[in-house]
Amino acid sequence: MPYYQAWEEFARAAEKLYLTDPMKVRVVLKYRHCDGNLCIKVTDDTVCLQYKTDQAQDVKKIEKLHGKLMRLMVSKESHSGAMETD
């Protein structure tokens with residue numbers, strides 16, 4: 001399970017994975033204080049996408065993506081074009 005190096009690449013892949021099969025996708029956030037690392041993992045048990053950072057400015061990006069995915073998960077409308085509008 002390699003980590004993505006570029007945030008944009010990870011965000012696109014995570015959104016695509018979620019929109020492929022929303023019922024199977026899980027999102028996990030993990031913070032290790034001793035290392036100062038924040039990891040986000042998006043998986044559907046077949047594909048596992050991971051991104052790790054120790055930069056403070058990346059936390060806001062992760063928070064924004066996590067919020068988008070959570071809004072999609074609780075919305076009752078179609079998921080087809082929701083990610084492109086944000």
# chains A, B, ... in the order shown; residues from 1 in each chain; ligands from 1
call {"tool": "residues_around", "arguments": {"residues": "stretch 20-25 of chain A", "least_positions_apart": "6", "cutoff": "8 Å", "atoms": "only C-alpha atoms", "output": "PyMOL selection string"}}
result
chain A and resi 42-45+73
call {"tool": "write_last_selection", "arguments": {"atoms": "N, CA, C and O atoms", "output": "PDB file, in the first residue's frame"}}
result
ATOM      1  N   VAL A  42      -8.331   5.824   2.141  1.00  0.00           N
ATOM      2  CA  VAL A  42      -9.622   5.601   1.507  1.00  0.00           C
ATOM      3  C   VAL A  42      -9.547   4.226   0.860  1.00  0.00           C
ATOM      4  O   VAL A  42      -8.658   3.981   0.041  1.00  0.00           O
ATOM      5  N   THR A  43     -10.470   3.345   1.231  1.00  0.00           N
ATOM      6  CA  THR A  43     -10.404   1.981   0.725  1.00  0.00           C
ATOM      7  C   THR A  43     -11.793   1.405   0.476  1.00  0.00           C
ATOM      8  O   THR A  43     -12.761   1.810   1.113  1.00  0.00           O
ATOM      9  N   ASP A  44     -11.844   0.471  -0.462  1.00  0.00           N
ATOM     10  CA  ASP A  44     -13.067  -0.308  -0.690  1.00  0.00           C
ATOM     11  C   ASP A  44     -12.763  -1.798  -0.563  1.00  0.00           C
ATOM     12  O   ASP A  44     -13.479  -2.635  -1.084  1.00  0.00           O
ATOM     13  N   ASP A  45     -11.719  -2.148   0.131  1.00  0.00           N
ATOM     14  CA  ASP A  45     -11.219  -3.504   0.361  1.00  0.00           C
ATOM     15  C   ASP A  45     -10.541  -4.122  -0.861  1.00  0.00           C
ATOM     16  O   ASP A  45      -9.913  -5.152  -0.740  1.00  0.00           O
ATOM     17  N   MET A  73     -21.736  11.179   1.479  1.00  0.00           N
ATOM     18  CA  MET A  73     -22.209   9.958   2.123  1.00  0.00           C
ATOM     19  C   MET A  73     -23.576  10.136   2.776  1.00  0.00           C
ATOM     20  O   MET A  73     -24.363   9.198   2.825  1.00  0.00           O
TER      21      MET A  73
END
call {"tool": "residues_around", "arguments": {"residues": "A:Leu69", "least_positions_apart": "5", "cutoff": "12 Å", "atoms": "only C-alpha atoms", "output": "number ranges by chain"}}
result
A: 11-12, 14-19, 22, 25-28, 42, 62-64, 74-75, 79, 82-83, 86
call {"tool": "residues_around", "arguments": {"residues": "A:Lys41", "least_positions_apart": "3", "cutoff": "8 Å", "atoms": "only C-alpha atoms", "output": "short mmCIF file (atom, residue, chain, number, x, y, z; two decimals) with all heavy atoms, in the first residue's frame"}}
result
data_model
loop_
_atom_site.label_atom_id
_atom_site.label_comp_id
_atom_site.auth_asym_id
_atom_site.auth_seq_id
_atom_site.Cartn_x
_atom_site.Cartn_y
_atom_site.Cartn_z
N VAL A 27 -13.38 5.67 4.90
CA VAL A 27 -12.35 6.71 5.04
C VAL A 27 -11.84 6.68 6.47
O VAL A 27 -12.63 6.69 7.42
CB VAL A 27 -12.93 8.11 4.73
CG1 VAL A 27 -11.88 9.18 4.90
CG2 VAL A 27 -13.51 8.15 3.33
N VAL A 28 -10.53 6.62 6.63
CA VAL A 28 -9.91 6.56 7.95
C VAL A 28 -8.88 7.68 8.07
O VAL A 28 -8.05 7.84 7.18
CB VAL A 28 -9.21 5.19 8.18
CG1 VAL A 28 -8.55 5.15 9.53
CG2 VAL A 28 -10.19 4.05 8.01
N LEU A 29 -8.95 8.45 9.15
CA LEU A 29 -7.96 9.46 9.47
C LEU A 29 -7.20 8.99 10.70
O LEU A 29 -7.80 8.52 11.66
CB LEU A 29 -8.62 10.80 9.80
CG LEU A 29 -9.18 11.57 8.63
CD1 LEU A 29 -9.98 12.75 9.14
CD2 LEU A 29 -8.07 12.05 7.72
N CYS A 48 -6.73 0.41 -2.11
CA CYS A 48 -6.41 1.17 -0.90
C CYS A 48 -5.55 2.38 -1.28
O CYS A 48 -4.46 2.22 -1.81
CB CYS A 48 -5.67 0.28 0.10
SG CYS A 48 -5.32 1.12 1.64
N LEU A 49 -6.06 3.57 -1.01
CA LEU A 49 -5.35 4.81 -1.32
C LEU A 49 -4.92 5.46 0.00
O LEU A 49 -5.73 5.57 0.92
CB LEU A 49 -6.27 5.77 -2.07
CG LEU A 49 -7.01 5.22 -3.29
CD1 LEU A 49 -8.02 6.23 -3.79
CD2 LEU A 49 -6.04 4.84 -4.37
N GLN A 50 -3.66 5.87 0.08
CA GLN A 50 -3.15 6.48 1.31
C GLN A 50 -2.35 7.74 1.00
O GLN A 50 -1.66 7.81 -0.01
CB GLN A 50 -2.25 5.50 2.06
CG GLN A 50 -2.96 4.30 2.59
CD GLN A 50 -2.04 3.43 3.41
OE1 GLN A 50 -0.83 3.41 3.18
NE2 GLN A 50 -2.60 2.70 4.35
N TYR A 51 -2.47 8.70 1.93
CA TYR A 51 -1.69 9.93 1.84
C TYR A 51 -1.23 10.28 3.25
O TYR A 51 -2.01 10.24 4.20
CB TYR A 51 -2.53 11.07 1.27
CG TYR A 51 -1.80 12.36 1.09
CD1 TYR A 51 -0.93 12.55 0.03
CD2 TYR A 51 -1.95 13.40 2.01
CE1 TYR A 51 -0.24 13.74 -0.12
CE2 TYR A 51 -1.27 14.59 1.86
CZ TYR A 51 -0.42 14.75 0.79
OH TYR A 51 0.27 15.93 0.65
#
call {"tool": "select_by_dssp", "arguments": {"residues": "chain A", "states": "alpha helix (DSSP H)", "output": "NGL selection string"}}
result
:A and (7-20 or 56-74 or 82-85)
call {"tool": "residues_around", "arguments": {"residues": "stretch 53-57 of chain A", "least_positions_apart": "3", "cutoff": "12 Å", "atoms": "only C-alpha atoms", "output": "VMD selection string"}}
result
chain A and resid 3 to 7 29 to 41 50 60 to 64
call {"tool": "closest_residue", "arguments": {"among": "A:Leu72, A:Gly67, A:Ala13, A:Pro2", "to": "A:Lys52", "atoms": "only C-alpha atoms"}}
result
A:Pro2
